[in-house]
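Structure first, then comments.
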Amino acid sequence: MNYILMGPPGAGKGTQSKKIVEKFGIVHLSTGDMFREAKKSDEVISKLLASGQLVPDEIVVNMAKKRLEKDDVKKGFLLDGFPRTVNQAQELDKMLKSENMKIDAVFFIDVCFEEAVKRISGRRVCSCGASYHVDFIPPKVEGKCDGCNCELIQRNDDKENVVRDRLDVYEKQTRPLIDYYKSTGLLVNIDGLKSESEVFEDIKNAS
Ligand code: AP5
């Protein structure tokens, strides 16, 4: 199965992605993760991420294209954070057509602005990929990863002023995608205000 997971920053896309790929045995393709890796050696990407702006479509589309040409995606994939503009969605459609692939569902995790800010400002991450929330999903020992005991940190773009810019970018550039996928009949609305496990149940039931 091939899925797209969309929703505003902090909706819970990364959290649900881990569960979905494990349940369905499919590949997780997160453009956010790819750019966080790329920013270590690319100053332009690093500045864009730190300011909450989107990476230009051309760069994103080329990166996604290369990734979708790899063999492992044949067993199914979950796109997390891509596409993020209508232009990216149109380019994705072309890519899939040329590879003879299709999307089975687009899960849209919906949360309000206030909840997104609350979730992002409390998020703490580990270099091993684990993610926590200081109030909602706390680690067993404060500031330490349950899995590897490393120090948890706050993402650069999780500072409150950047979060508001990210939400603004989302409203202007990504929200129009909801109508784009509604018109294809693929869009599934998921109430992201429910608990982590309830959200996952709803996604499973709709897949
Ligand atoms: P990306 O990494 O995709 O960031 P995002 O979309 O802003 O999403 P987040 O990672 O902030 O949130 P999430 O929805 O994954 O929530 P999470 O599960 O962590 O992109 C980063 C940047 O890369 C972009 O700003 C852009 O610059 C660039 N980029 C990426 N893709 C691009 C593209 N296609 N085009 C152009 N640029 C691109 O959860 C958040 C918190 O809430 C956590 O603490 C979690 O523990 C907690 N939580 C989760 N679920 C629940 C729940 N149900 N109840 C309570 N707490 C919960």
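Ordering of the structure tokens sets the chain letters (A, B, ...); residue numbers start at 1 within each chain; ligands are numbered from 1 in the order shown.
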Can you write out as a Markdown table which residues of segment 39-61 of chain A fall within 12 Å of segment 92-115 of chain A, alongside each residue's closest atom pair and its distance in Å to one decimal, counting only C-alpha atoms and ordering rows by chain and ascending residue number?
```
| residue | atom | partner | partner_atom | distance |
| --- | --- | --- | --- | --- |
| A:Asp57 | CA | A:Leu92 | CA | 11.1 |
| A:Glu58 | CA | A:Leu92 | CA | 11.8 |
| A:Val60 | CA | A:Leu92 | CA | 10.5 |
| A:Val61 | CA | A:Leu92 | CA | 7.6 |
```
Using only N, CA and C atoms, please write the residues we just selected to a file, as a PDB file, in the first residue's frame.
```
ATOM      1  N   ASP A  57      10.602  23.918  -4.268  1.00  0.00           N
ATOM      2  CA  ASP A  57       9.982  22.723  -4.869  1.00  0.00           C
ATOM      3  C   ASP A  57      10.956  21.897  -5.713  1.00  0.00           C
ATOM      4  N   GLU A  58      11.767  22.592  -6.496  1.00  0.00           N
ATOM      5  CA  GLU A  58      12.649  21.870  -7.420  1.00  0.00           C
ATOM      6  C   GLU A  58      13.578  20.899  -6.667  1.00  0.00           C
ATOM      7  N   VAL A  60      13.089  19.662  -3.588  1.00  0.00           N
ATOM      8  CA  VAL A  60      12.292  18.615  -2.934  1.00  0.00           C
ATOM      9  C   VAL A  60      11.891  17.542  -3.944  1.00  0.00           C
ATOM     10  N   VAL A  61      11.421  18.008  -5.096  1.00  0.00           N
ATOM     11  CA  VAL A  61      10.913  17.071  -6.100  1.00  0.00           C
ATOM     12  C   VAL A  61      12.045  16.167  -6.619  1.00  0.00           C
TER      13      VAL A  61
END
```
Selection near Gly143 of chain A, 12 Å with only C-alpha atoms, sequence-local residues under 2 positions removed, as number ranges by chain = A: 122-126, 131-134, 138-141, 145-146, 148-154
Dump as a PDB file, in the first residue's frame, selection limited to N, CA and C atoms:
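Writing the result to selection_8.pdb gives the following:
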```
ATOM      1  N   GLY A 122       6.613  21.539  23.303  1.00  0.00           N
ATOM      2  CA  GLY A 122       6.987  20.555  24.330  1.00  0.00           C
ATOM      3  C   GLY A 122       7.746  19.357  23.767  1.00  0.00           C
ATOM      4  N   ARG A 123       7.961  19.357  22.459  1.00  0.00           N
ATOM      5  CA  ARG A 123       8.630  18.192  21.858  1.00  0.00           C
ATOM      6  C   ARG A 123      10.117  18.191  22.203  1.00  0.00           C
ATOM      7  N   ARG A 124      10.639  17.011  22.522  1.00  0.00           N
ATOM      8  CA  ARG A 124      12.077  16.817  22.728  1.00  0.00           C
ATOM      9  C   ARG A 124      12.468  15.582  21.920  1.00  0.00           C
ATOM     10  N   VAL A 125      13.607  15.670  21.235  1.00  0.00           N
ATOM     11  CA  VAL A 125      14.010  14.562  20.365  1.00  0.00           C
ATOM     12  C   VAL A 125      15.397  14.040  20.734  1.00  0.00           C
ATOM     13  N   CYS A 126      15.634  12.811  20.289  1.00  0.00           N
ATOM     14  CA  CYS A 126      16.940  12.174  20.531  1.00  0.00           C
ATOM     15  C   CYS A 126      17.622  11.948  19.184  1.00  0.00           C
ATOM     16  N   SER A 131      11.180  10.415  19.761  1.00  0.00           N
ATOM     17  CA  SER A 131      10.577  11.733  20.005  1.00  0.00           C
ATOM     18  C   SER A 131       9.661  11.658  21.227  1.00  0.00           C
ATOM     19  N   TYR A 132       9.698  12.694  22.053  1.00  0.00           N
ATOM     20  CA  TYR A 132       8.904  12.731  23.286  1.00  0.00           C
ATOM     21  C   TYR A 132       8.188  14.059  23.386  1.00  0.00           C
ATOM     22  N   HIS A 133       7.303  14.148  24.367  1.00  0.00           N
ATOM     23  CA  HIS A 133       6.697  15.433  24.702  1.00  0.00           C
ATOM     24  C   HIS A 133       6.776  15.587  26.215  1.00  0.00           C
ATOM     25  N   VAL A 134       7.231  16.747  26.667  1.00  0.00           N
ATOM     26  CA  VAL A 134       7.487  16.911  28.106  1.00  0.00           C
ATOM     27  C   VAL A 134       6.248  16.636  28.959  1.00  0.00           C
ATOM     28  N   PRO A 138       6.098  11.837  28.076  1.00  0.00           N
ATOM     29  CA  PRO A 138       7.390  12.125  28.709  1.00  0.00           C
ATOM     30  C   PRO A 138       8.313  10.904  28.752  1.00  0.00           C
ATOM     31  N   PRO A 139       9.619  11.126  28.710  1.00  0.00           N
ATOM     32  CA  PRO A 139      10.547   9.995  28.893  1.00  0.00           C
ATOM     33  C   PRO A 139      10.502   9.546  30.354  1.00  0.00           C
ATOM     34  N   LYS A 140      11.003   8.334  30.610  1.00  0.00           N
ATOM     35  CA  LYS A 140      10.961   7.813  31.998  1.00  0.00           C
ATOM     36  C   LYS A 140      11.824   8.680  32.912  1.00  0.00           C
ATOM     37  N   VAL A 141      13.016   9.064  32.403  1.00  0.00           N
ATOM     38  CA  VAL A 141      13.894   9.958  33.176  1.00  0.00           C
ATOM     39  C   VAL A 141      13.944  11.295  32.438  1.00  0.00           C
ATOM     40  N   CYS A 145      16.753   9.893  26.820  1.00  0.00           N
ATOM     41  CA  CYS A 145      16.033   8.977  25.935  1.00  0.00           C
ATOM     42  C   CYS A 145      15.834   7.621  26.622  1.00  0.00           C
ATOM     43  N   ASP A 146      14.605   7.089  26.573  1.00  0.00           N
ATOM     44  CA  ASP A 146      14.325   5.771  27.170  1.00  0.00           C
ATOM     45  C   ASP A 146      15.164   4.684  26.514  1.00  0.00           C
ATOM     46  N   CYS A 148      18.211   4.925  24.472  1.00  0.00           N
ATOM     47  CA  CYS A 148      19.680   4.924  24.452  1.00  0.00           C
ATOM     48  C   CYS A 148      20.292   5.787  25.555  1.00  0.00           C
ATOM     49  N   ASN A 149      19.437   6.387  26.384  1.00  0.00           N
ATOM     50  CA  ASN A 149      19.885   7.184  27.530  1.00  0.00           C
ATOM     51  C   ASN A 149      20.625   8.478  27.142  1.00  0.00           C
ATOM     52  N   CYS A 150      20.561   8.848  25.826  1.00  0.00           N
ATOM     53  CA  CYS A 150      21.231  10.092  25.387  1.00  0.00           C
ATOM     54  C   CYS A 150      20.395  11.305  25.813  1.00  0.00           C
ATOM     55  N   GLU A 151      21.067  12.466  25.796  1.00  0.00           N
ATOM     56  CA  GLU A 151      20.413  13.732  26.158  1.00  0.00           C
ATOM     57  C   GLU A 151      19.350  14.102  25.107  1.00  0.00           C
ATOM     58  N   LEU A 152      18.151  14.481  25.557  1.00  0.00           N
ATOM     59  CA  LEU A 152      17.120  14.925  24.616  1.00  0.00           C
ATOM     60  C   LEU A 152      17.311  16.412  24.317  1.00  0.00           C
ATOM     61  N   ILE A 153      17.025  16.794  23.079  1.00  0.00           N
ATOM     62  CA  ILE A 153      17.184  18.213  22.710  1.00  0.00           C
ATOM     63  C   ILE A 153      15.904  18.753  22.066  1.00  0.00           C
ATOM     64  N   GLN A 154      15.846  20.093  21.968  1.00  0.00           N
ATOM     65  CA  GLN A 154      14.730  20.724  21.272  1.00  0.00           C
ATOM     66  C   GLN A 154      15.188  21.040  19.851  1.00  0.00           C
TER      67      GLN A 154
END
```
request  = Give me, please, the distance in Å between atom 35 (N, counted along the ligand's line) of ligand 1 and atom CA of Phe82 of chain A, quoted to one decimal.
outcome  =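 Going from atom 35 (N, counted along the ligand's line) of ligand 1 over to atom CA of Phe82 of chain A covers 6.2 Å.
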inquiry  = So that I can check the secondary structure, give me every residue of segment 86-183 of chain A assigned alpha helix (DSSP H) by backbone DSSP, as a ChimeraX atom specification.
reply    = /A:86-98,113-121,160-169,176-182
ask   = Please, what distance in Å, to one decimal, runs between atom CA of Gly81 of chain A and atom CA of Gly14 of chain A?
value =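 Going from atom CA of Gly81 of chain A over to atom CA of Gly14 of chain A covers 8.9 Å.
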task = Name the closest residue to ligand 1 among the candidates A:Tyr180, A:Phe200, A:Phe136, A:Tyr170; distances are taken between atoms, counting only C-alpha atoms and all ligand atoms.
result =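 Closest candidate: A:Phe136.
Our summary of the geometry notes that atom CA of Met1 of chain A is positioned 9.2 Å from atom CA of Lys74 of chain A.
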task = Might you pull out every residue within 7 Å of segment 22-32 of chain A, with only C-alpha atoms counted and same-chain residues fewer than 5 positions away left off, and present them as an MDAnalysis selection string?
result = chainID A and resid 17 73 75:82
Go ahead and write the residues just picked, N, CA and C atoms, as an mmCIF file, in the first residue's frame.
```
data_model
loop_
_atom_site.group_PDB
_atom_site.id
_atom_site.type_symbol
_atom_site.label_atom_id
_atom_site.label_comp_id
_atom_site.auth_asym_id
_atom_site.auth_seq_id
_atom_site.Cartn_x
_atom_site.Cartn_y
_atom_site.Cartn_z
ATOM 1 N N SER A 17 3.726 7.884 11.833
ATOM 2 C CA SER A 17 4.491 7.221 10.757
ATOM 3 C C SER A 17 5.180 5.971 11.273
ATOM 4 N N VAL A 73 10.897 0.771 -2.314
ATOM 5 C CA VAL A 73 9.554 1.369 -2.254
ATOM 6 C C VAL A 73 8.498 0.478 -2.913
ATOM 7 N N LYS A 75 7.667 -2.352 -2.084
ATOM 8 C CA LYS A 75 6.852 -3.073 -1.090
ATOM 9 C C LYS A 75 5.805 -2.156 -0.441
ATOM 10 N N GLY A 76 5.777 -0.907 -0.875
ATOM 11 C CA GLY A 76 4.826 0.068 -0.331
ATOM 12 C C GLY A 76 5.561 1.162 0.424
ATOM 13 N N PHE A 77 4.956 2.358 0.481
ATOM 14 C CA PHE A 77 5.635 3.472 1.158
ATOM 15 C C PHE A 77 4.636 4.415 1.818
ATOM 16 N N LEU A 78 5.170 5.157 2.772
ATOM 17 C CA LEU A 78 4.399 6.204 3.435
ATOM 18 C C LEU A 78 5.140 7.519 3.238
ATOM 19 N N LEU A 79 4.520 8.471 2.566
ATOM 20 C CA LEU A 79 5.129 9.792 2.386
ATOM 21 C C LEU A 79 4.711 10.679 3.548
ATOM 22 N N ASP A 80 5.700 11.157 4.301
ATOM 23 C CA ASP A 80 5.442 11.979 5.497
ATOM 24 C C ASP A 80 6.049 13.368 5.251
ATOM 25 N N GLY A 81 5.171 14.371 5.054
ATOM 26 C CA GLY A 81 5.673 15.736 4.829
ATOM 27 C C GLY A 81 5.906 16.061 3.366
ATOM 28 N N PHE A 82 5.553 15.175 2.487
ATOM 29 C CA PHE A 82 5.646 15.392 1.046
ATOM 30 C C PHE A 82 4.431 14.753 0.390
#
```
task = Return the single residue from A:Leu49, A:Ala206, A:Ile4, A:Ile20 that is closest to ligand 1, with distances computed using only C-alpha atoms and all ligand atoms.
result =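 Closest candidate: A:Leu49.
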